[in-house]
Amino acid sequence: MAKKTTRKEKFYVVDLIRDRSGLKYIEIPKSRVDVEIEITTTGLLKKPKEAPTSVFDRLEKVGRAVFDDYEKIITAEAAKLDKKIDLLMQQPSGKGLKQAQEMTKTTNTMIKQAIAGAQGAADKAIADALKKEGQRDKLLKEARVKTGFKVTMGFVKIAGSVAKLVATSGADASSYKTIVTELYGLGKELQQQLKNEAKLRKDLLAGVKAMLDERGTAIDQAIQRSGLTDTNGIDVKNPKKALATLTAKLKATSAEVLGGKSPKEVLGAVVKFTQAKIKSKLADVEKARVAYRNHNTKTRHKTDSLSGSADKLTKAMKAAKGLKDGVAIGAKMMAVKRRVSAMAAKLEEREKFLDEMQEIMKSGGLEIDDKTTLQKLKQLDPSTILSEGQGLWDAIKEVKGMVDNVVDAVA
(Lines give C-alpha, C1' and ligand atoms only; values in the text may rest on other atoms or scores of the structure.)
Protein backbone atom coordinates (compact mmCIF):
# COMPACT_ATOMS: atom_id res chain seq x y z
CA MET A 1 0.00 0.00 0.00
CA ALA A 2 1.34 3.43 -0.96
CA LYS A 3 2.60 5.59 1.84
CA LYS A 4 1.82 9.35 2.01
CA THR A 5 3.23 12.47 3.67
CA THR A 6 1.26 15.71 3.90
CA ARG A 7 2.55 19.18 4.65
CA LYS A 8 0.54 22.39 4.93
CA GLU A 9 1.77 25.98 4.68
CA LYS A 10 -0.14 29.26 4.82
CA PHE A 11 0.35 32.70 3.37
CA TYR A 12 -1.88 35.74 3.22
CA VAL A 13 -2.44 38.90 1.22
CA VAL A 14 -2.79 41.75 3.73
CA ASP A 15 -5.06 43.79 1.49
CA LEU A 16 -6.25 42.76 -1.94
CA ILE A 17 -6.76 46.43 -2.92
CA ARG A 18 -3.59 48.32 -2.08
CA ASP A 19 -4.21 51.63 -3.85
CA ARG A 20 -7.35 53.66 -3.08
CA SER A 21 -5.78 57.08 -3.59
CA GLY A 22 -7.73 57.91 -6.75
CA LEU A 23 -11.16 57.19 -5.25
CA LYS A 24 -13.25 60.21 -4.34
CA TYR A 25 -16.81 59.02 -3.88
CA ILE A 26 -16.60 55.34 -2.91
CA GLU A 27 -15.01 53.46 -0.05
CA ILE A 28 -13.53 49.96 -0.33
CA PRO A 29 -13.03 48.11 2.97
CA LYS A 30 -9.77 46.35 3.72
CA SER A 31 -9.75 42.95 2.03
CA ARG A 32 -7.56 40.19 3.46
CA VAL A 33 -7.00 36.89 1.66
CA ASP A 34 -5.76 33.84 3.59
CA VAL A 35 -4.44 30.95 1.52
CA GLU A 36 -3.49 27.43 2.66
CA ILE A 37 -1.51 25.12 0.38
CA GLU A 38 -1.45 21.41 1.18
CA ILE A 39 0.93 19.09 -0.69
CA THR A 40 0.75 15.30 -0.34
CA THR A 41 3.70 13.26 -1.55
CA THR A 42 3.44 9.47 -2.25
CA GLY A 43 5.93 6.62 -1.91
CA LEU A 44 5.49 2.89 -2.76
CA LEU A 45 7.97 1.26 -0.39
CA LYS A 46 8.56 3.80 2.37
CA LYS A 47 7.07 6.97 3.68
CA PRO A 48 8.19 9.81 1.38
CA LYS A 49 9.78 13.06 2.44
CA GLU A 50 7.52 16.05 2.73
CA ALA A 51 7.63 18.75 0.06
CA PRO A 52 10.45 21.21 0.86
CA THR A 53 9.89 24.86 1.84
CA SER A 54 11.36 26.09 -1.44
CA VAL A 55 8.51 24.41 -3.35
CA PHE A 56 5.91 26.08 -1.16
CA ASP A 57 7.69 29.44 -1.69
CA ARG A 58 7.44 29.02 -5.47
CA LEU A 59 3.78 28.04 -5.32
CA GLU A 60 3.03 30.98 -3.05
CA LYS A 61 4.66 33.28 -5.60
CA VAL A 62 2.41 31.82 -8.33
CA GLY A 63 -0.69 32.37 -6.15
CA ARG A 64 0.25 35.94 -5.31
CA ALA A 65 0.74 36.75 -9.00
CA VAL A 66 -2.84 35.65 -9.71
CA PHE A 67 -4.23 37.86 -6.94
CA ASP A 68 -2.13 40.78 -8.21
CA ASP A 69 -3.79 40.41 -11.61
CA TYR A 70 -7.26 40.35 -10.09
CA GLU A 71 -6.38 43.35 -7.92
CA LYS A 72 -5.91 45.33 -11.14
CA ILE A 73 -9.31 44.18 -12.42
CA ILE A 74 -11.15 45.10 -9.20
CA THR A 75 -9.33 48.45 -8.86
CA ALA A 76 -10.20 49.35 -12.45
CA GLU A 77 -13.89 48.59 -11.86
CA ALA A 78 -13.88 50.63 -8.67
CA ALA A 79 -12.30 53.56 -10.54
CA LYS A 80 -15.00 53.33 -13.25
CA LEU A 81 -17.71 53.44 -10.60
CA ASP A 82 -16.09 56.41 -8.88
CA LYS A 83 -15.89 58.30 -12.16
CA LYS A 84 -19.57 57.62 -12.92
CA ILE A 85 -20.59 58.91 -9.49
CA ASP A 86 -18.36 61.93 -10.02
CA LEU A 87 -20.31 62.78 -13.17
CA LEU A 88 -23.61 62.40 -11.30
CA MET A 89 -22.39 64.70 -8.56
CA GLN A 90 -21.68 67.53 -10.98
CA GLN A 91 -25.38 68.24 -10.44
CA PRO A 92 -26.19 66.51 -7.15
CA SER A 93 -29.73 65.26 -6.64
CA GLY A 94 -31.68 62.55 -4.85
CA LYS A 95 -32.21 60.81 -8.17
CA GLY A 96 -28.47 60.83 -8.80
CA LEU A 97 -27.83 59.37 -5.37
CA LYS A 98 -30.21 56.47 -6.11
CA GLN A 99 -28.46 55.84 -9.40
CA ALA A 100 -25.11 55.80 -7.61
CA GLN A 101 -26.45 53.30 -5.09
CA GLU A 102 -27.69 50.98 -7.86
CA MET A 103 -24.37 51.17 -9.68
CA THR A 104 -22.58 50.35 -6.43
CA LYS A 105 -24.70 47.20 -6.01
CA THR A 106 -23.73 46.12 -9.52
CA THR A 107 -20.06 46.75 -8.81
CA ASN A 108 -20.25 44.74 -5.58
CA THR A 109 -21.68 41.79 -7.50
CA MET A 110 -18.89 42.08 -10.04
CA ILE A 111 -16.24 42.21 -7.29
CA LYS A 112 -17.73 39.14 -5.61
CA GLN A 113 -17.56 37.26 -8.91
CA ALA A 114 -14.01 38.51 -9.49
CA ILE A 115 -12.87 37.19 -6.11
CA ALA A 116 -14.46 33.82 -6.81
CA GLY A 117 -12.68 33.85 -10.17
CA ALA A 118 -9.42 34.74 -8.46
CA GLN A 119 -9.73 31.76 -6.13
CA GLY A 120 -10.38 29.37 -9.02
CA ALA A 121 -7.55 30.88 -11.09
CA ALA A 122 -5.11 30.70 -8.17
CA ASP A 123 -6.12 27.08 -7.46
CA LYS A 124 -5.46 26.09 -11.07
CA ALA A 125 -2.22 28.08 -11.35
CA ILE A 126 -0.82 26.43 -8.20
CA ALA A 127 -1.85 22.94 -9.37
CA ASP A 128 -0.26 23.55 -12.80
CA ALA A 129 2.91 24.83 -11.19
CA LEU A 130 3.20 21.75 -8.98
CA LYS A 131 2.63 19.49 -11.97
CA LYS A 132 5.46 21.25 -13.75
CA GLU A 133 7.64 20.79 -10.65
CA GLY A 134 6.89 17.04 -10.80
CA GLN A 135 8.42 16.80 -14.27
CA ARG A 136 11.77 17.73 -12.78
CA ASP A 137 11.51 16.23 -9.29
CA LYS A 138 10.78 12.52 -8.64
CA LEU A 139 9.44 13.32 -5.15
CA LEU A 140 6.74 15.55 -6.63
CA LYS A 141 5.85 13.38 -9.64
CA GLU A 142 2.83 11.83 -7.92
CA ALA A 143 2.24 14.73 -5.50
CA ARG A 144 -1.19 16.23 -5.08
CA VAL A 145 -1.98 19.82 -4.05
CA LYS A 146 -5.01 21.19 -2.30
CA THR A 147 -5.60 24.93 -1.92
CA GLY A 148 -7.92 26.57 0.60
CA PHE A 149 -9.01 30.22 0.56
CA LYS A 150 -10.58 32.60 3.03
CA VAL A 151 -11.44 36.09 1.82
CA THR A 152 -12.45 38.76 4.33
CA MET A 153 -14.05 41.60 2.43
CA GLY A 154 -16.98 43.92 3.08
CA PHE A 155 -19.08 45.64 0.49
CA VAL A 156 -18.00 48.69 -1.48
CA LYS A 157 -20.07 51.64 -0.31
CA ILE A 158 -20.70 55.22 -1.32
CA ALA A 159 -18.73 57.75 0.72
CA GLY A 160 -20.64 59.94 3.17
CA SER A 161 -19.56 63.02 1.22
CA VAL A 162 -21.98 62.08 -1.59
CA ALA A 163 -25.01 62.29 0.69
CA LYS A 164 -23.74 65.62 2.00
CA LEU A 165 -23.32 66.96 -1.52
CA VAL A 166 -26.90 65.99 -2.33
CA ALA A 167 -28.23 67.45 0.91
CA THR A 168 -26.50 70.77 0.24
CA SER A 169 -27.28 70.94 -3.50
CA GLY A 170 -23.68 70.42 -4.46
CA ALA A 171 -22.08 72.35 -1.64
CA ASP A 172 -19.17 70.61 0.04
CA ALA A 173 -20.15 71.33 3.64
CA SER A 174 -17.11 69.51 5.04
CA SER A 175 -14.78 71.88 3.17
CA TYR A 176 -16.66 74.89 4.60
CA LYS A 177 -16.20 73.40 8.05
CA THR A 178 -12.45 73.14 7.43
CA ILE A 179 -12.17 76.75 6.25
CA VAL A 180 -14.32 78.25 9.01
CA THR A 181 -12.41 76.28 11.66
CA GLU A 182 -9.21 77.77 10.29
CA LEU A 183 -10.81 81.23 10.25
CA TYR A 184 -12.02 80.81 13.83
CA GLY A 185 -8.58 79.67 15.01
CA LEU A 186 -6.85 82.64 13.40
CA GLY A 187 -9.45 85.00 14.89
CA LYS A 188 -8.80 83.56 18.34
CA GLU A 189 -5.05 84.01 17.87
CA LEU A 190 -5.58 87.63 16.81
CA GLN A 191 -7.82 88.25 19.83
CA GLN A 192 -5.10 86.94 22.15
CA GLN A 193 -2.46 88.95 20.30
CA LEU A 194 -4.34 92.23 20.81
CA LYS A 195 -4.50 91.71 24.57
CA ASN A 196 -0.82 92.68 24.83
CA GLU A 197 -1.17 95.82 22.69
CA ALA A 198 -2.32 98.13 25.50
CA LYS A 199 0.67 97.32 27.74
CA LEU A 200 3.21 97.73 24.95
CA ARG A 201 1.69 101.05 23.87
CA LYS A 202 1.69 102.22 27.51
CA ASP A 203 5.40 101.27 27.83
CA LEU A 204 6.21 103.24 24.67
CA LEU A 205 4.31 106.32 25.84
CA ALA A 206 5.96 106.20 29.27
CA GLY A 207 9.40 105.81 27.72
CA VAL A 208 8.96 108.77 25.38
CA LYS A 209 7.62 110.99 28.19
CA ALA A 210 10.54 110.08 30.43
CA MET A 211 13.01 110.83 27.64
CA LEU A 212 11.38 114.22 26.89
CA ASP A 213 11.42 115.22 30.57
CA GLU A 214 15.07 114.20 30.91
CA ARG A 215 15.99 116.04 27.71
CA GLY A 216 14.32 119.33 28.82
CA THR A 217 16.22 119.20 32.12
CA ALA A 218 19.50 118.38 30.32
CA ILE A 219 19.16 121.31 27.89
CA ASP A 220 18.48 123.70 30.80
CA GLN A 221 21.52 122.39 32.66
CA ALA A 222 23.73 122.62 29.57
CA ILE A 223 22.73 126.25 28.95
CA GLN A 224 23.45 127.16 32.58
CA ARG A 225 26.89 125.55 32.29
CA SER A 226 27.61 127.60 29.18
CA GLY A 227 27.56 130.90 31.11
CA LEU A 228 24.74 132.37 29.02
CA THR A 229 22.45 134.53 31.17
CA ASP A 230 19.78 135.46 28.63
CA THR A 231 17.57 132.35 28.25
CA ASN A 232 14.37 134.11 27.29
CA GLY A 233 12.57 132.52 24.31
CA ILE A 234 14.44 129.19 24.51
CA ASP A 235 11.69 126.54 24.48
CA VAL A 236 13.25 123.24 25.55
CA LYS A 237 10.08 121.39 24.55
CA ASN A 238 11.08 121.96 20.93
CA PRO A 239 14.83 121.30 20.91
CA LYS A 240 15.35 122.10 17.23
CA LYS A 241 13.98 125.62 17.69
CA ALA A 242 15.64 125.89 21.10
CA LEU A 243 19.08 125.22 19.58
CA ALA A 244 18.41 127.72 16.78
CA THR A 245 17.45 130.41 19.34
CA LEU A 246 20.45 129.50 21.48
CA THR A 247 22.75 129.85 18.45
CA ALA A 248 21.47 133.35 17.78
CA LYS A 249 21.92 134.39 21.42
CA LEU A 250 25.42 132.91 21.57
CA LYS A 251 26.47 134.93 18.53
CA ALA A 252 25.29 138.06 20.29
CA THR A 253 27.13 137.19 23.49
CA SER A 254 30.69 138.35 24.16
CA ALA A 255 33.55 135.87 24.28
CA GLU A 256 34.25 137.04 27.82
CA VAL A 257 30.82 135.82 29.01
CA LEU A 258 31.34 132.54 27.17
CA GLY A 259 34.64 132.00 28.91
CA GLY A 260 36.71 132.53 25.80
CA LYS A 261 34.85 129.88 23.80
CA SER A 262 33.32 130.46 20.40
CA PRO A 263 29.50 130.19 19.95
CA LYS A 264 30.07 127.05 17.90
CA GLU A 265 32.07 125.42 20.67
CA VAL A 266 29.46 126.31 23.29
CA LEU A 267 26.63 125.00 21.13
CA GLY A 268 28.55 121.75 20.54
CA ALA A 269 29.05 121.35 24.27
CA VAL A 270 25.32 121.86 24.90
CA VAL A 271 24.40 119.21 22.33
CA LYS A 272 27.00 116.77 23.61
CA PHE A 273 25.94 117.20 27.24
CA THR A 274 22.25 116.78 26.40
CA GLN A 275 22.78 113.68 24.30
CA ALA A 276 24.92 112.08 27.01
CA LYS A 277 22.23 112.76 29.63
CA ILE A 278 19.37 111.24 27.60
CA LYS A 279 21.32 108.33 26.13
CA SER A 280 19.85 105.71 28.49
CA LYS A 281 16.35 107.13 28.08
CA LEU A 282 16.67 106.90 24.30
CA ALA A 283 17.72 103.25 24.68
CA ASP A 284 14.57 102.61 26.75
CA VAL A 285 12.39 104.27 24.11
CA GLU A 286 14.01 102.21 21.34
CA LYS A 287 13.45 99.02 23.31
CA ALA A 288 9.77 99.91 23.76
CA ARG A 289 9.48 100.96 20.11
CA VAL A 290 10.95 97.67 18.87
CA ALA A 291 8.67 95.64 21.16
CA TYR A 292 5.62 97.52 19.89
CA ARG A 293 6.80 97.21 16.29
CA ASN A 294 7.30 93.44 16.64
CA HIS A 295 3.85 93.10 18.14
CA ASN A 296 2.42 95.19 15.32
CA THR A 297 4.18 93.01 12.73
CA LYS A 298 2.90 89.77 14.29
CA THR A 299 -0.60 91.24 14.44
CA ARG A 300 -0.38 92.21 10.77
CA HIS A 301 0.77 88.70 9.81
CA LYS A 302 -2.14 87.16 11.70
CA THR A 303 -4.52 89.63 10.08
CA ASP A 304 -3.15 88.74 6.63
CA SER A 305 -3.62 85.01 7.32
CA LEU A 306 -7.13 85.67 8.54
CA SER A 307 -7.80 87.69 5.39
CA GLY A 308 -6.73 84.70 3.26
CA SER A 309 -9.17 82.40 5.07
CA ALA A 310 -11.93 84.97 4.71
CA ASP A 311 -11.25 85.12 0.96
CA LYS A 312 -11.53 81.32 0.67
CA LEU A 313 -14.84 81.12 2.51
CA THR A 314 -16.29 84.09 0.61
CA LYS A 315 -15.35 82.46 -2.69
CA ALA A 316 -16.88 79.15 -1.58
CA MET A 317 -20.15 80.89 -0.63
CA LYS A 318 -20.35 82.59 -4.03
CA ALA A 319 -19.93 79.21 -5.75
CA ALA A 320 -22.55 77.49 -3.56
CA LYS A 321 -25.60 79.09 -5.16
CA GLY A 322 -27.99 76.40 -3.97
CA LEU A 323 -26.71 76.23 -0.39
CA LYS A 324 -29.24 77.07 2.26
CA ASP A 325 -28.08 80.19 4.16
CA GLY A 326 -25.23 80.55 1.64
CA VAL A 327 -26.26 84.13 0.78
CA ALA A 328 -26.53 85.05 4.46
CA ILE A 329 -23.12 83.56 5.23
CA GLY A 330 -21.65 85.36 2.21
CA ALA A 331 -23.06 88.68 3.43
CA LYS A 332 -21.64 88.13 6.89
CA MET A 333 -18.27 87.25 5.33
CA MET A 334 -18.27 90.66 3.62
CA ALA A 335 -18.66 92.21 7.07
CA VAL A 336 -15.72 90.13 8.28
CA LYS A 337 -13.61 91.31 5.34
CA ARG A 338 -14.50 94.96 6.02
CA ARG A 339 -13.35 94.49 9.60
CA VAL A 340 -10.13 92.90 8.38
CA SER A 341 -9.48 95.87 6.07
CA ALA A 342 -10.13 98.33 8.90
CA MET A 343 -7.74 96.43 11.14
CA ALA A 344 -5.08 96.41 8.43
CA ALA A 345 -5.44 100.18 7.98
CA LYS A 346 -4.93 100.80 11.71
CA LEU A 347 -1.87 98.60 11.75
CA GLU A 348 -0.43 100.48 8.77
CA GLU A 349 -0.85 103.79 10.63
CA ARG A 350 1.09 102.39 13.57
CA GLU A 351 3.80 101.04 11.29
CA LYS A 352 4.33 104.48 9.73
CA PHE A 353 4.51 106.17 13.14
CA LEU A 354 7.05 103.66 14.42
CA ASP A 355 9.21 104.12 11.31
CA GLU A 356 9.03 107.90 11.79
CA MET A 357 10.06 107.52 15.43
CA GLN A 358 13.08 105.50 14.40
CA GLU A 359 14.23 108.17 11.94
CA ILE A 360 13.81 110.97 14.50
CA MET A 361 15.72 109.05 17.16
CA LYS A 362 18.72 108.75 14.84
CA SER A 363 19.39 112.43 15.61
CA GLY A 364 19.90 111.55 19.25
CA GLY A 365 16.46 112.76 20.23
CA LEU A 366 17.14 116.41 19.44
CA GLU A 367 14.58 116.67 16.65
CA ILE A 368 11.61 115.29 18.59
CA ASP A 369 9.00 117.94 19.31
CA ASP A 370 7.34 117.24 22.65
CA LYS A 371 3.85 118.35 21.69
CA THR A 372 3.77 116.79 18.21
CA THR A 373 5.23 113.47 19.35
CA LEU A 374 2.90 113.04 22.32
CA GLN A 375 -0.07 113.96 20.16
CA LYS A 376 0.90 111.29 17.63
CA LEU A 377 1.30 108.72 20.38
CA LYS A 378 -2.18 109.52 21.66
CA GLN A 379 -3.52 109.34 18.10
CA LEU A 380 -2.65 105.65 18.00
CA ASP A 381 -6.22 105.54 19.26
CA PRO A 382 -6.11 102.52 21.60
CA SER A 383 -9.86 102.10 21.75
CA THR A 384 -10.21 101.86 17.97
CA ILE A 385 -7.85 98.95 17.35
CA LEU A 386 -9.26 96.98 20.26
CA SER A 387 -12.84 97.66 19.21
CA GLU A 388 -11.98 96.70 15.63
CA GLY A 389 -10.48 93.48 16.95
CA GLN A 390 -13.53 92.71 19.09
CA GLY A 391 -15.89 93.51 16.22
CA LEU A 392 -13.92 91.23 13.93
CA TRP A 393 -13.97 88.42 16.49
CA ASP A 394 -17.73 88.75 17.01
CA ALA A 395 -18.31 88.60 13.23
CA ILE A 396 -16.13 85.48 12.92
CA LYS A 397 -18.01 83.74 15.74
CA GLU A 398 -21.31 84.49 14.01
CA VAL A 399 -20.03 83.07 10.71
CA LYS A 400 -18.80 79.93 12.44
CA GLY A 401 -22.19 79.39 14.03
CA MET A 402 -23.93 79.72 10.66
CA VAL A 403 -21.55 77.27 8.93
CA ASP A 404 -21.82 74.81 11.83
CA ASN A 405 -25.60 74.82 11.39
CA VAL A 406 -25.19 73.93 7.70
CA VAL A 407 -22.75 71.11 8.50
CA ASP A 408 -24.97 69.74 11.28
CA ALA A 409 -27.92 69.70 8.87
CA VAL A 410 -26.14 67.26 6.55
CA ALA A 411 -24.23 65.24 9.11
# chains A, B, ... in the order shown; residues from 1 in each chain; ligands from 1
>>> residues_around(residues="A:Thr229", least_positions_apart="2", cutoff="12 Å", atoms="only C-alpha atoms", output="list in words")
Asp220, Ile223, Gln224, Arg225, Ser226, Gly227, Thr231, Asn232, Ile234, Leu246, Lys249, Leu250, Ala252, Thr253, Ser254, Val257 and Leu258 of chain A
>>> select_by_dssp(residues="stretch 13-233 of chain A", states="helix (DSSP H, G or I)", output="number ranges by chain")
A: 53-88, 94-134, 138-140, 160-167, 173-194, 197-226
>>> closest_atom_pairs(of="stretch 102-153 of chain A", to="stretch 6-12 of chain A", cutoff="10 Å", atoms="only C-alpha atoms", output="JSON lines")
{"residue": "A:Ala143", "atom": "CA", "partner": "A:Thr6", "partner_atom": "CA", "distance": 9.5}
{"residue": "A:Arg144", "atom": "CA", "partner": "A:Thr6", "partner_atom": "CA", "distance": 9.3}
{"residue": "A:Val145", "atom": "CA", "partner": "A:Thr6", "partner_atom": "CA", "distance": 9.5}
{"residue": "A:Lys146", "atom": "CA", "partner": "A:Lys8", "partner_atom": "CA", "distance": 9.2}
{"residue": "A:Thr147", "atom": "CA", "partner": "A:Lys8", "partner_atom": "CA", "distance": 9.5}
{"residue": "A:Gly148", "atom": "CA", "partner": "A:Lys10", "partner_atom": "CA", "distance": 9.3}
{"residue": "A:Phe149", "atom": "CA", "partner": "A:Tyr12", "partner_atom": "CA", "distance": 9.4}
{"residue": "A:Lys150", "atom": "CA", "partner": "A:Tyr12", "partner_atom": "CA", "distance": 9.3}
{"residue": "A:Val151", "atom": "CA", "partner": "A:Tyr12", "partner_atom": "CA", "distance": 9.7}
>>> write_last_selection(atoms="N, CA and C atoms", output="PDB file, in the first residue's frame")
ATOM      1  N   ALA A 143       2.771  13.869  -6.579  1.00  0.00           N
ATOM      2  CA  ALA A 143       2.245  14.730  -5.504  1.00  0.00           C
ATOM      3  C   ALA A 143       0.906  15.340  -5.895  1.00  0.00           C
ATOM      4  N   ARG A 144       0.093  15.586  -4.884  1.00  0.00           N
ATOM      5  CA  ARG A 144      -1.188  16.228  -5.084  1.00  0.00           C
ATOM      6  C   ARG A 144      -1.241  17.510  -4.231  1.00  0.00           C
ATOM      7  N   VAL A 145      -1.899  18.552  -4.778  1.00  0.00           N
ATOM      8  CA  VAL A 145      -1.982  19.818  -4.051  1.00  0.00           C
ATOM      9  C   VAL A 145      -3.436  20.174  -3.807  1.00  0.00           C
ATOM     10  N   LYS A 146      -3.672  20.743  -2.662  1.00  0.00           N
ATOM     11  CA  LYS A 146      -5.011  21.190  -2.303  1.00  0.00           C
ATOM     12  C   LYS A 146      -4.880  22.620  -1.772  1.00  0.00           C
ATOM     13  N   THR A 147      -5.707  23.515  -2.302  1.00  0.00           N
ATOM     14  CA  THR A 147      -5.602  24.935  -1.920  1.00  0.00           C
ATOM     15  C   THR A 147      -6.895  25.400  -1.264  1.00  0.00           C
ATOM     16  N   GLY A 148      -6.745  26.032  -0.102  1.00  0.00           N
ATOM     17  CA  GLY A 148      -7.921  26.574   0.600  1.00  0.00           C
ATOM     18  C   GLY A 148      -7.847  28.099   0.674  1.00  0.00           C
ATOM     19  N   PHE A 149      -8.978  28.754   0.556  1.00  0.00           N
ATOM     20  CA  PHE A 149      -9.009  30.218   0.557  1.00  0.00           C
ATOM     21  C   PHE A 149     -10.010  30.736   1.583  1.00  0.00           C
ATOM     22  N   LYS A 150      -9.653  31.871   2.176  1.00  0.00           N
ATOM     23  CA  LYS A 150     -10.579  32.596   3.032  1.00  0.00           C
ATOM     24  C   LYS A 150     -10.424  34.075   2.708  1.00  0.00           C
ATOM     25  N   VAL A 151     -11.493  34.675   2.204  1.00  0.00           N
ATOM     26  CA  VAL A 151     -11.438  36.090   1.822  1.00  0.00           C
ATOM     27  C   VAL A 151     -12.310  36.898   2.779  1.00  0.00           C
TER      28      VAL A 151
END
>>> closest_residue(among="A:Ser175, A:Lys279, A:Ile115, A:Ala222", to="A:Val266", atoms="only C-alpha atoms")
A:Ala222
